Amino acid sequence: MTLELVQVNFKARDDAALGRFWAEALGWSVSSEGPGVTNLEPVGFDWPDPSAVCVDLVRVPKPETVRYRVHIELATTSDAHQAELVTRLEELGATHADVGRGDVPWKVMADPEGNVFSVLEPRELYRDTGPIAAVVVACADLRDMTRFWGEAIDWTVHELSDDRALLRSAKGVGPYLEFRRTSHDAVVRNRIHLDVMSDPVDDQAREVARLEGLGATRADVGQGDVSWVVLTDPAGNEFCVLGRG
């Protein structure tokens, strides 16, 4: 098993501006591997490492406006920290979002380009995850997604119920990957997707073949001749297997 979840990828109208927002939100450093791409990672981070799932923002002309199937949740350490973080995010340009959840202890917000995320109330489970508590993926078939991703990246399943599943790196570090059951399961183009990478990178082709054996399918999203391979998981969510480049 050589695959690791290494980053969350955002499609953005303005990758640099949105990158600055998320860098300030997370307290991370900003770099760029080329025009139209902004990379965020913890200060002093040696990428890749399971202690953090990094963020890449890629400029596209017209990001799709769709029901969000992937979002991130931010961790806090106290009620005061949650309130302080929400205020700081508002000052950076975030807005509050109504997703019909009613009176809940977490705050649902949207970044300057409308990507929905949550600022969680303090939870013991997320005390050591870093600023990102969880990457959340909505799906209809919770157990099938848990089976696929558990075998794809060999993360440990910490919880599996009728409503959600929680996976985390076998090293016990970094954020959780959460699958949350939903009744909305139309296949759509996502503005946010997961990127995985093999170690060594030269194992990319072998890992792609293994993923196809688990139920992934190849996808053409107009990527052309690139070093990564675009796949969809059994629920139709796009993800990329990175290569050299």
# chains A, B, ... in the order shown; residues from 1 in each chain; ligands from 1

call {"tool": "residues_around", "arguments": {"residues": "range 115-121 of chain A", "least_positions_apart": "3", "cutoff": "8 Å", "atoms": "only C-alpha atoms", "output": "ChimeraX atom specification"}}
result
/A:68,71-79,82,85-86,97,105-112

call {"tool": "select_by_dssp", "arguments": {"residues": "range 52-241 of chain A", "states": "strand (DSSP E or B)", "output": "PyMOL selection string"}}
result
chain A and resi 54-59+70-74+95-96+107-110+116-119+132-139+156-160+164-168+176-181+192-198+217-218+229-232+238-241

call {"tool": "residues_around", "arguments": {"residues": "Asp220 in chain A", "least_positions_apart": "5", "cutoff": "12 Å", "atoms": "only C-alpha atoms", "output": "tab-separated table (two decimals) with N, CA and C atoms, in the first residue's frame"}}
result
chain	number	residue	atom	x	y	z
A	189	ARG	N	-20.16	17.66	-11.06
A	189	ARG	CA	-18.77	18.11	-11.04
A	189	ARG	C	-18.54	18.87	-9.75
A	225	ASP	N	-2.92	16.29	-21.55
A	225	ASP	CA	-1.72	15.51	-21.26
A	225	ASP	C	-1.07	16.05	-19.99
A	226	VAL	N	-1.35	15.42	-18.86
A	226	VAL	CA	-0.87	15.89	-17.57
A	226	VAL	C	-0.22	14.73	-16.82
A	228	TRP	N	-0.93	13.79	-13.77
A	228	TRP	CA	-1.83	13.13	-12.83
A	228	TRP	C	-2.92	12.38	-13.59
A	229	VAL	N	-3.56	11.46	-12.90
A	229	VAL	CA	-4.63	10.67	-13.48
A	229	VAL	C	-5.92	11.01	-12.74
A	230	VAL	N	-6.97	11.36	-13.49
A	230	VAL	CA	-8.25	11.70	-12.89
A	230	VAL	C	-9.13	10.46	-12.85
A	231	LEU	N	-9.64	10.15	-11.67
A	231	LEU	CA	-10.53	9.01	-11.47
A	231	LEU	C	-11.80	9.48	-10.77
A	232	THR	N	-12.81	8.62	-10.77
A	232	THR	CA	-13.97	8.84	-9.91
A	232	THR	C	-14.12	7.63	-9.00
A	238	GLU	N	-14.88	12.91	-8.22
A	238	GLU	CA	-13.58	12.97	-8.87
A	238	GLU	C	-12.47	13.03	-7.83
A	239	PHE	N	-11.35	12.40	-8.13
A	239	PHE	CA	-10.13	12.58	-7.35
A	239	PHE	C	-8.95	12.34	-8.28
A	240	CYS	N	-7.79	12.79	-7.88
A	240	CYS	CA	-6.62	12.72	-8.73
A	240	CYS	C	-5.52	11.89	-8.06

call {"tool": "residues_around", "arguments": {"residues": "Val58 in chain A", "least_positions_apart": "4", "cutoff": "10 Å", "atoms": "only C-alpha atoms", "output": "list in words"}}
result
Asn9, Phe10, Lys11, Ala12, Arg13, Asp14, Asp15, Ala16, Leu18, Gly19, Gly34, Pro35, Gly36, Val37, Thr38 and Asn39 of chain A

call {"tool": "write_last_selection", "arguments": {"atoms": "C-alpha atoms", "output": "PDB file, in the first residue's frame"}}
result
ATOM      1  CA  ASN A   9      -7.982  20.746  -4.301  1.00  0.00           C
ATOM      2  CA  PHE A  10     -10.208  23.816  -4.775  1.00  0.00           C
ATOM      3  CA  LYS A  11     -11.249  25.154  -8.161  1.00  0.00           C
ATOM      4  CA  ALA A  12     -11.146  28.954  -7.904  1.00  0.00           C
ATOM      5  CA  ARG A  13     -11.882  32.024  -9.989  1.00  0.00           C
ATOM      6  CA  ASP A  14      -8.922  33.769  -8.326  1.00  0.00           C
ATOM      7  CA  ASP A  15      -6.560  31.215  -6.804  1.00  0.00           C
ATOM      8  CA  ALA A  16      -4.211  33.831  -5.348  1.00  0.00           C
ATOM      9  CA  LEU A  18      -8.708  32.672  -2.267  1.00  0.00           C
ATOM     10  CA  GLY A  19      -5.332  31.238  -1.287  1.00  0.00           C
ATOM     11  CA  GLY A  34       3.134  27.887 -11.459  1.00  0.00           C
ATOM     12  CA  PRO A  35       0.665  30.428 -12.895  1.00  0.00           C
ATOM     13  CA  GLY A  36      -2.889  29.795 -11.757  1.00  0.00           C
ATOM     14  CA  VAL A  37      -1.924  27.465  -8.908  1.00  0.00           C
ATOM     15  CA  THR A  38      -1.606  28.428  -5.237  1.00  0.00           C
ATOM     16  CA  ASN A  39      -0.291  25.929  -2.675  1.00  0.00           C
TER      17      ASN A  39
END

call {"tool": "residues_around", "arguments": {"residues": "Ala216 in chain A", "least_positions_apart": "3", "cutoff": "8 Å", "atoms": "only C-alpha atoms", "output": "ChimeraX atom specification"}}
result
/A:211-213,231-234

call {"tool": "closest_atom_pairs", "arguments": {"of": "range 90-198 of chain A", "to": "range 202-206 of chain A", "cutoff": "10 Å", "atoms": "only C-alpha atoms", "output": "tab-separated table"}}
result
residue	atom	partner	partner_atom	distance
A:Val196	CA	A:Gln204	CA	9.9
A:Met197	CA	A:Gln204	CA	7.4
A:Ser198	CA	A:Gln204	CA	5.7

call {"tool": "residues_around", "arguments": {"residues": "Leu142 in chain A", "least_positions_apart": "5", "cutoff": "10 Å", "atoms": "only C-alpha atoms", "output": "MDAnalysis selection string"}}
result
chainID A and resid 137 147 160:165 178:182 235

call {"tool": "write_last_selection", "arguments": {"atoms": "all heavy atoms", "output": "tab-separated table (two decimals), in the first residue's frame"}}
result
chain	number	residue	atom	x	y	z
A	137	VAL	N	-17.05	14.23	3.09
A	137	VAL	CA	-17.59	13.86	1.78
A	137	VAL	C	-19.00	13.33	1.98
A	137	VAL	O	-19.21	12.38	2.75
A	137	VAL	CB	-16.72	12.80	1.09
A	137	VAL	CG1	-17.28	12.45	-0.29
A	137	VAL	CG2	-15.26	13.26	0.98
A	147	ARG	N	-15.56	1.28	2.45
A	147	ARG	CA	-14.78	0.14	1.93
A	147	ARG	C	-13.78	0.61	0.89
A	147	ARG	O	-12.58	0.28	0.97
A	147	ARG	CB	-15.73	-0.88	1.29
A	147	ARG	CG	-14.99	-2.04	0.58
A	147	ARG	CD	-15.84	-2.68	-0.50
A	147	ARG	NE	-16.21	-1.76	-1.56
A	147	ARG	CZ	-15.40	-1.42	-2.57
A	147	ARG	NH1	-14.16	-1.89	-2.65
A	147	ARG	NH2	-15.82	-0.59	-3.51
A	160	LEU	N	-18.00	3.77	12.36
A	160	LEU	CA	-18.85	3.43	11.22
A	160	LEU	C	-20.25	3.20	11.74
A	160	LEU	O	-20.50	2.26	12.51
A	160	LEU	CB	-18.35	2.19	10.49
A	160	LEU	CG	-19.18	1.70	9.30
A	160	LEU	CD1	-19.31	2.80	8.25
A	160	LEU	CD2	-18.57	0.44	8.70
A	161	SER	N	-21.18	4.09	11.38
A	161	SER	CA	-22.57	3.98	11.79
A	161	SER	C	-23.44	4.13	10.55
A	161	SER	O	-22.94	4.20	9.42
A	161	SER	CB	-22.91	5.05	12.83
A	161	SER	OG	-22.88	6.34	12.25
A	162	ASP	N	-24.75	4.21	10.75
A	162	ASP	CA	-25.65	4.39	9.61
A	162	ASP	C	-25.55	5.79	9.02
A	162	ASP	O	-25.95	6.00	7.88
A	162	ASP	CB	-27.10	4.14	10.04
A	162	ASP	CG	-27.36	2.67	10.35
A	162	ASP	OD1	-26.60	1.82	9.86
A	162	ASP	OD2	-28.32	2.39	11.10
A	163	ASP	N	-25.01	6.74	9.78
A	163	ASP	CA	-24.99	8.13	9.34
A	163	ASP	C	-23.62	8.67	8.96
A	163	ASP	O	-23.53	9.60	8.17
A	163	ASP	CB	-25.59	9.03	10.44
A	163	ASP	CG	-27.05	8.72	10.68
A	163	ASP	OD1	-27.79	8.54	9.70
A	163	ASP	OD2	-27.44	8.64	11.86
A	164	ARG	N	-22.55	8.09	9.53
A	164	ARG	CA	-21.24	8.62	9.17
A	164	ARG	C	-20.16	7.58	9.42
A	164	ARG	O	-20.33	6.63	10.19
A	164	ARG	CB	-20.93	9.90	9.94
A	164	ARG	CG	-20.53	9.72	11.39
A	164	ARG	CD	-19.96	11.02	11.95
A	164	ARG	NE	-19.44	10.85	13.30
A	164	ARG	CZ	-18.74	11.77	13.95
A	164	ARG	NH1	-18.45	12.92	13.37
A	164	ARG	NH2	-18.28	11.55	15.18
A	165	ALA	N	-19.04	7.81	8.75
A	165	ALA	CA	-17.84	7.01	8.96
A	165	ALA	C	-16.67	7.96	9.12
A	165	ALA	O	-16.59	8.99	8.45
A	165	ALA	CB	-17.59	6.07	7.77
A	178	GLU	N	-14.08	12.08	6.68
A	178	GLU	CA	-15.42	11.70	7.14
A	178	GLU	C	-16.36	11.52	5.96
A	178	GLU	O	-16.43	12.38	5.08
A	178	GLU	CB	-15.98	12.75	8.09
A	178	GLU	CG	-17.40	12.45	8.54
A	178	GLU	CD	-17.95	13.44	9.56
A	178	GLU	OE1	-17.15	14.20	10.12
A	178	GLU	OE2	-19.17	13.44	9.78
A	179	PHE	N	-17.09	10.43	5.95
A	179	PHE	CA	-18.16	10.21	4.98
A	179	PHE	C	-19.47	10.37	5.72
A	179	PHE	O	-19.69	9.75	6.77
A	179	PHE	CB	-18.03	8.83	4.34
A	179	PHE	CG	-16.76	8.67	3.57
A	179	PHE	CD1	-15.72	7.88	4.06
A	179	PHE	CD2	-16.57	9.33	2.37
A	179	PHE	CE1	-14.54	7.76	3.35
A	179	PHE	CE2	-15.39	9.22	1.66
A	179	PHE	CZ	-14.37	8.43	2.15
A	180	ARG	N	-20.33	11.21	5.17
A	180	ARG	CA	-21.59	11.54	5.82
A	180	ARG	C	-22.74	11.19	4.89
A	180	ARG	O	-22.76	11.59	3.73
A	180	ARG	CB	-21.60	13.03	6.18
A	180	ARG	CG	-22.70	13.45	7.11
A	180	ARG	CD	-22.48	14.89	7.54
A	180	ARG	NE	-21.27	15.06	8.34
A	180	ARG	CZ	-20.75	16.25	8.65
A	180	ARG	NH1	-21.32	17.36	8.23
A	180	ARG	NH2	-19.64	16.32	9.38
A	181	ARG	N	-23.71	10.44	5.42
A	181	ARG	CA	-24.81	9.97	4.59
A	181	ARG	C	-25.72	11.13	4.20
A	181	ARG	O	-26.04	11.99	5.01
A	181	ARG	CB	-25.62	8.90	5.34
A	181	ARG	CG	-26.68	8.22	4.47
A	181	ARG	CD	-27.30	7.05	5.20
A	181	ARG	NE	-28.00	7.49	6.41
A	181	ARG	CZ	-29.24	7.97	6.42
A	181	ARG	NH1	-29.91	8.08	5.30
A	181	ARG	NH2	-29.79	8.33	7.55
A	182	THR	N	-26.15	11.13	2.93
A	182	THR	CA	-27.07	12.15	2.43
A	182	THR	C	-28.04	11.49	1.48
A	182	THR	O	-27.74	10.45	0.88
A	182	THR	CB	-26.31	13.27	1.70
A	182	THR	OG1	-27.24	14.22	1.18
A	182	THR	CG2	-25.49	12.72	0.54
A	235	ALA	N	-18.95	6.52	-5.90
A	235	ALA	CA	-20.07	7.45	-5.79
A	235	ALA	C	-20.01	8.54	-6.85
A	235	ALA	O	-20.87	9.43	-6.87
A	235	ALA	CB	-20.10	8.08	-4.40

call {"tool": "residues_around", "arguments": {"residues": "Glu24 in chain A", "least_positions_apart": "4", "cutoff": "12 Å", "atoms": "only C-alpha atoms", "output": "ChimeraX atom specification"}}
result
/A:17-20,28-30,40-43,85,88-94,111,131

call {"tool": "write_last_selection", "arguments": {"atoms": "C-alpha atoms", "output": "compact mmCIF listing (two decimals), in the first residue's frame"}}
result
# COMPACT_ATOMS: atom_id res chain seq x y z
CA ALA A 17 -6.94 35.78 -3.53
CA LEU A 18 -8.71 32.67 -2.27
CA GLY A 19 -5.33 31.24 -1.29
CA ARG A 20 -4.61 34.29 0.85
CA TRP A 28 -0.32 28.32 6.82
CA SER A 29 2.32 29.44 4.32
CA VAL A 30 1.62 30.26 0.67
CA LEU A 40 -0.92 26.08 1.08
CA GLU A 41 0.81 24.04 3.75
CA PRO A 42 1.85 24.43 7.41
CA VAL A 43 4.93 26.55 8.01
CA LEU A 85 -11.91 32.38 14.76
CA ARG A 88 -11.41 36.71 12.20
CA LEU A 89 -12.89 34.79 9.26
CA GLU A 90 -15.62 37.42 8.90
CA GLU A 91 -12.94 40.11 8.77
CA LEU A 92 -11.14 38.12 6.05
CA GLY A 93 -14.29 38.03 3.91
CA ALA A 94 -16.18 34.90 5.00
CA ASP A 111 -15.40 31.58 1.89
CA PRO A 131 -6.51 23.53 12.06
